[in-house]
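Worksheet: one structure, shown below.
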Amino acid sequence: MIDYDGAVERGEPIPTSTEGYAPPERRGEPNRERDKATERFDIYLLGTTLAHAAGLDMLDDDSRWLLYGGEDEHARGKQRIKEFGYGPILTTIISSCLAEPSRRLGSVGAVQTDLGRARDNALLSELLT
């Protein structure tokens, strides 16, 4: 997956990114995540794409900031995603991808593993009903 607006080599500064997909930034305050392209920046982009694919229109700024915030704010943001009726695994994957960097899933492999769990859980639920 490539955000062509922000595609750069790993470790390079990210000059621009598609609005609504990159980690939030406050006007007048630089976003430190744009200083250097990392896998966690890519995971944030993946999280917004997953949210959009799951039927959530672009998350509003308030929800994005809640998910990106501290523990209490993140829990409130996660609750907003949960209200759409997705299972706990998918809700956790999306909200974990959209967390601030130190709390975000650390690798694309971790996201892939969790998505596999969500798929397996959905298949099991289908078989049991």
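Order determines the names: the first chain of the structure tokens is A, the second B, and so forth; residues in each chain are numbered 1 upward, and ligands are numbered 1 upward as they are shown.
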Using DSSP assignments from the backbone, pull out every residue in chain A that falls under alpha helix (DSSP H) and give it to me as a PyMOL selection string. chain A and resi 39-53+61-68+71-82+88-97+108-128
Using C-alpha atoms, can you write the selected residues to a file as a PDB file, in the first residue's frame?
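Result went into out.pdb, see below:
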```pdb
ATOM      1  CA  GLU A  39       6.815   1.319   9.749  1.00  0.00           C
ATOM      2  CA  ARG A  40       4.584   2.740  12.482  1.00  0.00           C
ATOM      3  CA  PHE A  41       3.680   5.708  10.272  1.00  0.00           C
ATOM      4  CA  ASP A  42       2.699   3.166   7.588  1.00  0.00           C
ATOM      5  CA  ILE A  43       0.637   1.261  10.172  1.00  0.00           C
ATOM      6  CA  TYR A  44      -1.312   4.436  10.941  1.00  0.00           C
ATOM      7  CA  LEU A  45      -2.053   4.796   7.203  1.00  0.00           C
ATOM      8  CA  LEU A  46      -3.121   1.138   7.129  1.00  0.00           C
ATOM      9  CA  GLY A  47      -5.414   1.710  10.130  1.00  0.00           C
ATOM     10  CA  THR A  48      -7.232   4.574   8.430  1.00  0.00           C
ATOM     11  CA  THR A  49      -7.570   2.454   5.290  1.00  0.00           C
ATOM     12  CA  LEU A  50      -8.974  -0.468   7.326  1.00  0.00           C
ATOM     13  CA  ALA A  51     -11.427   1.863   9.050  1.00  0.00           C
ATOM     14  CA  HIS A  52     -12.566   3.187   5.695  1.00  0.00           C
ATOM     15  CA  ALA A  53     -12.817  -0.347   4.216  1.00  0.00           C
ATOM     16  CA  ASP A  61     -10.984  14.923  13.626  1.00  0.00           C
ATOM     17  CA  ASP A  62     -12.358  14.524  17.153  1.00  0.00           C
ATOM     18  CA  SER A  63     -12.341  10.710  16.879  1.00  0.00           C
ATOM     19  CA  ARG A  64      -8.865  10.714  15.345  1.00  0.00           C
ATOM     20  CA  TRP A  65      -7.525  12.842  18.207  1.00  0.00           C
ATOM     21  CA  LEU A  66      -9.205  10.645  20.821  1.00  0.00           C
ATOM     22  CA  LEU A  67      -7.632   7.503  19.356  1.00  0.00           C
ATOM     23  CA  TYR A  68      -4.254   9.251  19.099  1.00  0.00           C
ATOM     24  CA  GLU A  71      -5.137   6.089  27.613  1.00  0.00           C
ATOM     25  CA  ASP A  72      -8.488   7.636  28.632  1.00  0.00           C
ATOM     26  CA  GLU A  73      -8.965   9.456  25.347  1.00  0.00           C
ATOM     27  CA  HIS A  74      -7.987   6.342  23.378  1.00  0.00           C
ATOM     28  CA  ALA A  75     -10.579   4.267  25.261  1.00  0.00           C
ATOM     29  CA  ARG A  76     -13.296   6.797  24.338  1.00  0.00           C
ATOM     30  CA  GLY A  77     -12.187   6.749  20.692  1.00  0.00           C
ATOM     31  CA  LYS A  78     -12.184   2.950  20.671  1.00  0.00           C
ATOM     32  CA  GLN A  79     -15.731   3.015  22.054  1.00  0.00           C
ATOM     33  CA  ARG A  80     -16.812   5.126  19.068  1.00  0.00           C
ATOM     34  CA  ILE A  81     -15.490   2.455  16.686  1.00  0.00           C
ATOM     35  CA  LYS A  82     -17.077  -0.317  18.764  1.00  0.00           C
ATOM     36  CA  PRO A  88     -13.749  -6.871  19.452  1.00  0.00           C
ATOM     37  CA  ILE A  89     -10.791  -8.065  17.378  1.00  0.00           C
ATOM     38  CA  LEU A  90     -11.407  -5.749  14.413  1.00  0.00           C
ATOM     39  CA  THR A  91     -12.235  -2.863  16.751  1.00  0.00           C
ATOM     40  CA  THR A  92      -8.940  -3.413  18.577  1.00  0.00           C
ATOM     41  CA  ILE A  93      -6.932  -3.716  15.347  1.00  0.00           C
ATOM     42  CA  ILE A  94      -8.269  -0.450  13.952  1.00  0.00           C
ATOM     43  CA  SER A  95      -7.952   1.455  17.211  1.00  0.00           C
ATOM     44  CA  SER A  96      -4.437   0.065  17.824  1.00  0.00           C
ATOM     45  CA  CYS A  97      -3.293   1.143  14.365  1.00  0.00           C
ATOM     46  CA  VAL A 108       2.808  -4.912   9.701  1.00  0.00           C
ATOM     47  CA  GLY A 109       3.276  -8.586  10.659  1.00  0.00           C
ATOM     48  CA  ALA A 110       1.408  -7.956  13.928  1.00  0.00           C
ATOM     49  CA  VAL A 111      -1.450  -6.341  12.001  1.00  0.00           C
ATOM     50  CA  GLN A 112      -1.512  -9.288   9.592  1.00  0.00           C
ATOM     51  CA  THR A 113      -1.647 -11.790  12.474  1.00  0.00           C
ATOM     52  CA  ASP A 114      -4.500  -9.921  14.148  1.00  0.00           C
ATOM     53  CA  LEU A 115      -6.432  -9.646  10.864  1.00  0.00           C
ATOM     54  CA  GLY A 116      -6.056 -13.427  10.506  1.00  0.00           C
ATOM     55  CA  ARG A 117      -7.555 -13.821  13.982  1.00  0.00           C
ATOM     56  CA  ALA A 118     -10.475 -11.574  13.032  1.00  0.00           C
ATOM     57  CA  ARG A 119     -11.072 -13.620   9.876  1.00  0.00           C
ATOM     58  CA  ASP A 120     -10.884 -16.911  11.795  1.00  0.00           C
ATOM     59  CA  ASN A 121     -13.249 -15.559  14.458  1.00  0.00           C
ATOM     60  CA  ALA A 122     -15.768 -14.491  11.797  1.00  0.00           C
ATOM     61  CA  LEU A 123     -15.597 -17.935  10.151  1.00  0.00           C
ATOM     62  CA  LEU A 124     -16.073 -19.678  13.486  1.00  0.00           C
ATOM     63  CA  SER A 125     -19.044 -17.454  14.359  1.00  0.00           C
ATOM     64  CA  GLU A 126     -20.596 -18.222  10.983  1.00  0.00           C
ATOM     65  CA  LEU A 127     -20.186 -21.971  11.527  1.00  0.00           C
ATOM     66  CA  LEU A 128     -21.711 -21.811  15.007  1.00  0.00           C
TER      67      LEU A 128
END
```
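The space between atom CA of Ile14 of chain A and atom CA of Glu33 of chain A spans 8.3 Å.
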Residues near Asp35 of chain A, anyone? I mean within 10 Å using only C-alpha atoms, not counting same-chain ones fewer than 2 positions away, as a count of residues only. 11
Nearest to Leu59 of chain A: which of A:Glu19, A:Pro101, A:Ser107, A:Ala7 is it, counting only C-alpha atoms?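 Closest candidate: A:Glu19.
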